[in-house]
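One structure below.
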Amino acid sequence: MAQRQFGLQQDGPFPSVRSRPRVIDDLPLEIFCWILELALCKLGIDGHTRKRELASVSCRWRDVILDTPALWTSIFIDRRFSLSMLATHLKRSREALLDVSIAIEYPTFSALLRTAISSVHRWRRLIMISWEVEDRSIQFFFDRFNSLYFPSLRRVSVFSGPRAPQMRYPNFLLPQRSPALEHLEITEPLDGFPASSNLMRLSIWYNKTIEPSSLSFLTSQKLTYLEIRPHVPLPSPVPDSIYLPFLTFLGVPCCDIRKMFGAIVAPQLTHFTFWGNRDCDPPTKIFDGLEHKLINIRHLLMLDFSSTDIAKELCSRLPNAVAVIRSEDSTHVAARKPVQQP
């Protein structure tokens, strides 16, 4: 019975997890469901097995898990995710929005993909991952999705390897087909990036060398959040060539600060994050001459640094800024220049 409820085909005993504090059964149902969501949301595909374990604790736990749509909204197009598991998730999630992850070679599991596409109107997040050398599976999925309509899709992540072929911006991500899309994460800039879109958050991980013109697509976007994490040095764009009037957050490597700040005009920028490595100049030197572009910064986060003197020096240059250093051992140090009263 339980096997059928969880979309499993093999019989076997549930792991023993019957000991639990009595107090948890006295919690209101909403809080109990929230705790279960927290326990399962970070487990990925292994969350399905964990749901089985938790459902074996008691009849109440089983009933809550089976009747809570939010616990069934993570869909995986993966070798370990069977058609019966997919059908169970689609049924028990009811009309809740779905988070779909695809991490397989494209010739495989076409039946699984076809079944998942039947619920495309409920997709909220889409993750496509392919780290295989010269793999073309991402383009395969682009081609499958380009004719579909995604009314609820808000976030898309596309991760491919450094030798994957260059791809065009897919039609299904255009506002006409994904009107709710706000957040895009990609490993390379896509050819044909639209001059205007609904995107508010953009994260790019560059795996290979790009031309300066590759950043021109950023101009006039409605972005409020931009994070660029290159594994190769960024080119030097034309100064003041990228106008981002709504940008409030920027994240770049320490070595690329001067290039990006020289090119970007962002009058609303208040949050800035950067991370360093051994080959970079000290941040206090990198920021020389850039103070006029940092005047509105309120929150400065430095990753992979350990010296508190850096934070103090930067805060002495940036009025009203709070600087936080996060070192390798996750220690946080904050420094602040007191705001002068008028």
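In the structure tokens, chains take letters A, B, ... by order of appearance, with residues numbered from 1 within each chain and ligands from 1 in the order shown.
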
If we count only C-alpha atoms and set the cut-off at 6 Å, which residues sit around A:Leu126, ignoring sequence neighbours fewer than 3 positions away in its own chain? Please answer as a PDB file with N, CA and C atoms, in the first residue's frame.
```
ATOM      1  N   VAL A 100      11.455  21.890 -11.506  1.00  0.00           N
ATOM      2  CA  VAL A 100      11.857  20.790 -12.374  1.00  0.00           C
ATOM      3  C   VAL A 100      13.360  20.842 -12.608  1.00  0.00           C
ATOM      4  N   SER A 101      14.047  19.725 -12.352  1.00  0.00           N
ATOM      5  CA  SER A 101      15.498  19.616 -12.579  1.00  0.00           C
ATOM      6  C   SER A 101      15.761  18.547 -13.625  1.00  0.00           C
ATOM      7  N   VAL A 156      15.116  30.231 -14.125  1.00  0.00           N
ATOM      8  CA  VAL A 156      15.729  29.217 -14.984  1.00  0.00           C
ATOM      9  C   VAL A 156      17.232  29.215 -14.751  1.00  0.00           C
TER      10      VAL A 156
END
```

- Counting only C-alpha atoms, what is within 10 Å of A:Thr115, bar same-chain residues fewer than 6 positions away, as number ranges by chain? A: 83, 86-87, 90

Take the residues from that selection and write them out as a PDB file, in the first residue's frame, keeping N, CA, C and O atoms.
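The result, written out as out28.pdb:
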```pdb
ATOM      1  N   LEU A  83       9.029   6.668 -13.789  1.00  0.00           N
ATOM      2  CA  LEU A  83       7.742   7.182 -14.247  1.00  0.00           C
ATOM      3  C   LEU A  83       6.698   7.123 -13.146  1.00  0.00           C
ATOM      4  O   LEU A  83       5.864   8.031 -12.999  1.00  0.00           O
ATOM      5  N   LEU A  86       7.311   9.984 -10.815  1.00  0.00           N
ATOM      6  CA  LEU A  86       6.875  11.229 -11.427  1.00  0.00           C
ATOM      7  C   LEU A  86       5.359  11.356 -11.369  1.00  0.00           C
ATOM      8  O   LEU A  86       4.828  12.429 -11.016  1.00  0.00           O
ATOM      9  N   ALA A  87       4.659  10.285 -11.696  1.00  0.00           N
ATOM     10  CA  ALA A  87       3.193  10.318 -11.658  1.00  0.00           C
ATOM     11  C   ALA A  87       2.690  10.604 -10.253  1.00  0.00           C
ATOM     12  O   ALA A  87       1.721  11.354 -10.071  1.00  0.00           O
ATOM     13  N   LEU A  90       3.224  14.371  -9.527  1.00  0.00           N
ATOM     14  CA  LEU A  90       2.276  15.211 -10.255  1.00  0.00           C
ATOM     15  C   LEU A  90       0.882  15.125  -9.631  1.00  0.00           C
ATOM     16  O   LEU A  90       0.156  16.128  -9.560  1.00  0.00           O
TER      17      LEU A  90
END
```

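Shortest separation to A:Pro170 among A:Gln139, A:Pro237, A:Glu182, A:Tyr149 occurs at residue A:Gln139, atoms counted being only C-alpha atoms.
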
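The protein and nucleic acid residues lying at most 9 Å from A:Thr248 are Leu223, Thr224, Tyr225, Leu226, Ala266, Pro267, Gln268, Leu269, Thr270, His271 and Phe272 of chain A, with only C-alpha atoms considered and sequence neighbours fewer than 5 positions away removed.
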
Writing out the chosen residues with C-alpha atoms as an mmCIF file, in the first residue's frame:
```
data_model
loop_
_atom_site.group_PDB
_atom_site.id
_atom_site.type_symbol
_atom_site.label_atom_id
_atom_site.label_comp_id
_atom_site.auth_asym_id
_atom_site.auth_seq_id
_atom_site.Cartn_x
_atom_site.Cartn_y
_atom_site.Cartn_z
ATOM 1 C CA LEU A 223 18.036 44.120 -13.765
ATOM 2 C CA THR A 224 18.069 44.786 -10.041
ATOM 3 C CA TYR A 225 20.578 41.967 -9.354
ATOM 4 C CA LEU A 226 23.685 41.098 -11.403
ATOM 5 C CA ALA A 266 24.190 52.087 -11.778
ATOM 6 C CA PRO A 267 22.854 55.051 -9.794
ATOM 7 C CA GLN A 268 20.722 52.832 -7.514
ATOM 8 C CA LEU A 269 23.504 50.411 -6.513
ATOM 9 C CA THR A 270 23.474 49.815 -2.733
ATOM 10 C CA HIS A 271 24.774 46.235 -2.296
ATOM 11 C CA PHE A 272 28.156 45.103 -3.567
#
```

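Using only C-alpha atoms, the residues found no farther than 9 Å from A:Ile65, other than those of its own chain fewer than 5 positions away, are Cys33, Leu36, Lys51, Leu54, Ala55, Arg60, Leu71 and Trp72 of chain A.
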
How about saving the chosen residues, N, CA, C and O atoms kept, as a compact mmCIF listing (two decimals), in the first residue's frame?
```txt
# COMPACT_ATOMS: atom_id res chain seq x y z
N CYS A 33 4.07 21.11 8.92
CA CYS A 33 4.32 21.00 7.48
C CYS A 33 5.54 21.81 7.08
O CYS A 33 6.34 21.38 6.23
N LEU A 36 8.65 19.92 7.94
CA LEU A 36 8.87 18.85 6.97
C LEU A 36 9.45 19.39 5.66
O LEU A 36 10.35 18.78 5.07
N LYS A 51 11.10 11.07 2.44
CA LYS A 51 9.65 11.14 2.68
C LYS A 51 9.12 9.79 3.14
O LYS A 51 8.26 9.71 4.02
N LEU A 54 10.08 9.28 6.81
CA LEU A 54 9.29 10.09 7.73
C LEU A 54 7.85 9.61 7.79
O LEU A 54 7.20 9.67 8.85
N ALA A 55 7.32 9.13 6.68
CA ALA A 55 5.94 8.65 6.66
C ALA A 55 5.76 7.38 7.49
O ALA A 55 4.64 7.05 7.88
N ARG A 60 -0.23 9.72 11.54
CA ARG A 60 -0.40 11.16 11.36
C ARG A 60 0.65 11.72 10.42
O ARG A 60 0.33 12.48 9.50
N LEU A 71 5.08 19.25 -0.45
CA LEU A 71 6.13 18.25 -0.28
C LEU A 71 6.34 17.41 -1.54
O LEU A 71 7.21 16.54 -1.55
N TRP A 72 5.59 17.69 -2.59
CA TRP A 72 5.64 16.88 -3.81
C TRP A 72 5.90 17.73 -5.05
O TRP A 72 5.57 17.33 -6.16
```

Using DSSP on the backbone coordinates, identify the residues of stretch 74-240 of chain A assigned to strand (DSSP E); present them as a compact mmCIF listing (two decimals) with N, CA, C and O atoms, in the first residue's frame.
```txt
# COMPACT_ATOMS: atom_id res chain seq x y z
N SER A 74 8.92 18.94 -6.19
CA SER A 74 10.25 18.82 -6.82
C SER A 74 10.26 17.64 -7.78
O SER A 74 10.11 16.48 -7.36
N ILE A 75 10.44 17.93 -9.07
CA ILE A 75 10.43 16.92 -10.13
C ILE A 75 11.84 16.78 -10.69
O ILE A 75 12.52 17.79 -10.95
N PHE A 76 12.28 15.54 -10.92
CA PHE A 76 13.64 15.29 -11.42
C PHE A 76 13.58 14.43 -12.67
O PHE A 76 13.00 13.33 -12.66
N ILE A 77 14.11 14.96 -13.77
CA ILE A 77 14.29 14.15 -14.98
C ILE A 77 15.68 13.55 -14.87
O ILE A 77 16.68 14.15 -15.28
N LEU A 98 5.63 23.81 -9.67
CA LEU A 98 6.64 22.76 -9.64
C LEU A 98 8.04 23.31 -9.89
O LEU A 98 8.22 24.26 -10.63
N ASP A 99 9.04 22.66 -9.27
CA ASP A 99 10.46 22.91 -9.53
C ASP A 99 11.01 21.70 -10.27
O ASP A 99 11.04 20.59 -9.71
N VAL A 100 11.46 21.89 -11.51
CA VAL A 100 11.86 20.79 -12.37
C VAL A 100 13.36 20.84 -12.61
O VAL A 100 13.90 21.88 -13.03
N SER A 101 14.05 19.73 -12.35
CA SER A 101 15.50 19.62 -12.58
C SER A 101 15.76 18.55 -13.63
O SER A 101 15.22 17.44 -13.54
N ILE A 102 16.60 18.89 -14.62
CA ILE A 102 16.94 17.97 -15.70
C ILE A 102 18.45 17.79 -15.70
O ILE A 102 19.19 18.73 -15.90
N TRP A 123 5.12 24.79 -14.08
CA TRP A 123 6.54 24.89 -13.78
C TRP A 123 6.87 26.27 -13.24
O TRP A 123 6.58 27.30 -13.85
N ARG A 124 7.51 26.30 -12.08
CA ARG A 124 7.94 27.55 -11.45
C ARG A 124 9.43 27.77 -11.61
O ARG A 124 9.88 28.89 -11.85
N ARG A 125 10.20 26.70 -11.49
CA ARG A 125 11.66 26.79 -11.67
C ARG A 125 12.11 25.64 -12.56
O ARG A 125 11.63 24.51 -12.44
N LEU A 126 13.08 25.94 -13.42
CA LEU A 126 13.65 24.93 -14.31
C LEU A 126 15.16 24.97 -14.20
O LEU A 126 15.78 26.03 -14.34
N ILE A 127 15.77 23.80 -13.93
CA ILE A 127 17.22 23.67 -13.84
C ILE A 127 17.66 22.64 -14.88
O ILE A 127 17.16 21.51 -14.89
N MET A 128 18.59 23.03 -15.76
CA MET A 128 19.15 22.11 -16.75
C MET A 128 20.65 22.04 -16.54
O MET A 128 21.34 23.06 -16.57
N ILE A 129 21.16 20.83 -16.31
CA ILE A 129 22.57 20.64 -15.99
C ILE A 129 23.18 19.62 -16.93
O ILE A 129 22.64 18.52 -17.09
N SER A 130 24.30 19.96 -17.54
CA SER A 130 25.03 19.03 -18.38
C SER A 130 26.50 19.43 -18.37
O SER A 130 26.89 20.42 -18.98
N ARG A 155 12.07 31.21 -12.63
CA ARG A 155 13.53 31.12 -12.51
C ARG A 155 14.04 29.97 -13.37
O ARG A 155 13.49 28.88 -13.34
N VAL A 156 15.12 30.23 -14.12
CA VAL A 156 15.73 29.22 -14.98
C VAL A 156 17.23 29.22 -14.75
O VAL A 156 17.87 30.28 -14.71
N SER A 157 17.79 28.02 -14.60
CA SER A 157 19.24 27.84 -14.44
C SER A 157 19.73 26.89 -15.52
O SER A 157 19.19 25.78 -15.66
N VAL A 158 20.73 27.32 -16.29
CA VAL A 158 21.29 26.51 -17.38
C VAL A 158 22.78 26.38 -17.13
O VAL A 158 23.53 27.35 -17.28
N PHE A 159 23.23 25.17 -16.77
CA PHE A 159 24.64 24.93 -16.45
C PHE A 159 25.22 23.92 -17.43
O PHE A 159 24.76 22.78 -17.49
N SER A 160 26.22 24.34 -18.19
CA SER A 160 26.88 23.46 -19.16
C SER A 160 28.38 23.54 -18.98
O SER A 160 28.91 24.45 -18.33
N HIS A 183 14.36 35.53 -13.09
CA HIS A 183 15.71 35.19 -12.65
C HIS A 183 16.31 34.16 -13.60
O HIS A 183 15.73 33.11 -13.86
N LEU A 184 17.48 34.48 -14.16
CA LEU A 184 18.18 33.59 -15.08
C LEU A 184 19.61 33.39 -14.62
O LEU A 184 20.32 34.34 -14.31
N GLU A 185 20.04 32.11 -14.56
CA GLU A 185 21.42 31.75 -14.25
C GLU A 185 21.98 30.96 -15.43
O GLU A 185 21.38 29.96 -15.84
N ILE A 186 23.11 31.39 -15.98
CA ILE A 186 23.70 30.73 -17.14
C ILE A 186 25.21 30.66 -16.98
O ILE A 186 25.82 31.46 -16.27
N ARG A 201 16.87 39.47 -12.19
CA ARG A 201 18.08 38.89 -11.60
C ARG A 201 18.81 38.07 -12.66
O ARG A 201 18.20 37.22 -13.32
N LEU A 202 20.11 38.32 -12.81
CA LEU A 202 20.92 37.59 -13.78
C LEU A 202 22.24 37.19 -13.14
O LEU A 202 22.95 38.03 -12.57
N SER A 203 22.57 35.90 -13.24
CA SER A 203 23.84 35.38 -12.75
C SER A 203 24.54 34.65 -13.89
O SER A 203 23.94 33.82 -14.56
N ILE A 204 25.82 34.99 -14.13
CA ILE A 204 26.57 34.40 -15.24
C ILE A 204 27.88 33.84 -14.71
O ILE A 204 28.65 34.53 -14.02
N TYR A 225 19.56 42.85 -9.94
CA TYR A 225 20.58 41.97 -9.35
C TYR A 225 21.44 41.42 -10.48
O TYR A 225 20.92 40.85 -11.44
N LEU A 226 22.75 41.62 -10.40
CA LEU A 226 23.68 41.10 -11.40
C LEU A 226 24.89 40.49 -10.71
O LEU A 226 25.56 41.14 -9.91
N GLU A 227 25.15 39.23 -11.02
CA GLU A 227 26.31 38.53 -10.47
C GLU A 227 27.09 37.91 -11.61
O GLU A 227 26.53 37.18 -12.44
N ILE A 228 28.38 38.20 -11.69
CA ILE A 228 29.24 37.67 -12.74
C ILE A 228 30.40 36.93 -12.08
O ILE A 228 31.17 37.51 -11.32
```

*For stretch 238-240 of chain A: contacts at 7 Å, only C-alpha atoms, fewer than 5 positions along chain excluded, given as JSON, numbers by chain*: {"A": [262, 263, 264, 265]}

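Each of A:Gln221, A:Ser197, A:Ser110, A:Thr68 was compared to A:Ser82 using only C-alpha atoms, and A:Ser110 turns out to be the nearest.
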
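Minimum atom-to-atom distances from A:Ser137, A:Ser236, A:Thr273, A:Asn146 to A:Leu300 were compared using only C-alpha atoms, and the lowest value belongs to A:Thr273.
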
Which residues are close to stretch 91-94 of chain A, i.e. within 7 Å by only C-alpha atoms, leaving aside same-chain residues fewer than 2 positions away? Reply as a ChimeraX atom specification. /A:66,69-70,72-73,87-89,96

Output C-alpha atoms for every residue in that selection, as a PDB file, in the first residue's frame.
```
ATOM      1  CA  LEU A  66       0.643  12.372   1.548  1.00  0.00           C
ATOM      2  CA  PRO A  69       1.121  19.314  -1.989  1.00  0.00           C
ATOM      3  CA  ALA A  70       4.191  21.436  -1.149  1.00  0.00           C
ATOM      4  CA  TRP A  72       5.640  16.876  -3.807  1.00  0.00           C
ATOM      5  CA  THR A  73       6.631  19.816  -5.997  1.00  0.00           C
ATOM      6  CA  ALA A  87       3.193  10.318 -11.658  1.00  0.00           C
ATOM      7  CA  THR A  88       2.955  10.269  -7.862  1.00  0.00           C
ATOM      8  CA  HIS A  89       4.510  13.726  -7.556  1.00  0.00           C
ATOM      9  CA  ALA A  96       0.914  23.599  -6.795  1.00  0.00           C
TER      10      ALA A  96
END
```

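Between A:Phe193 and the candidates A:Ala39, A:Leu247, A:Leu27, A:Leu218, the tightest atom-to-atom separation, counting only C-alpha atoms, involves A:Leu218.
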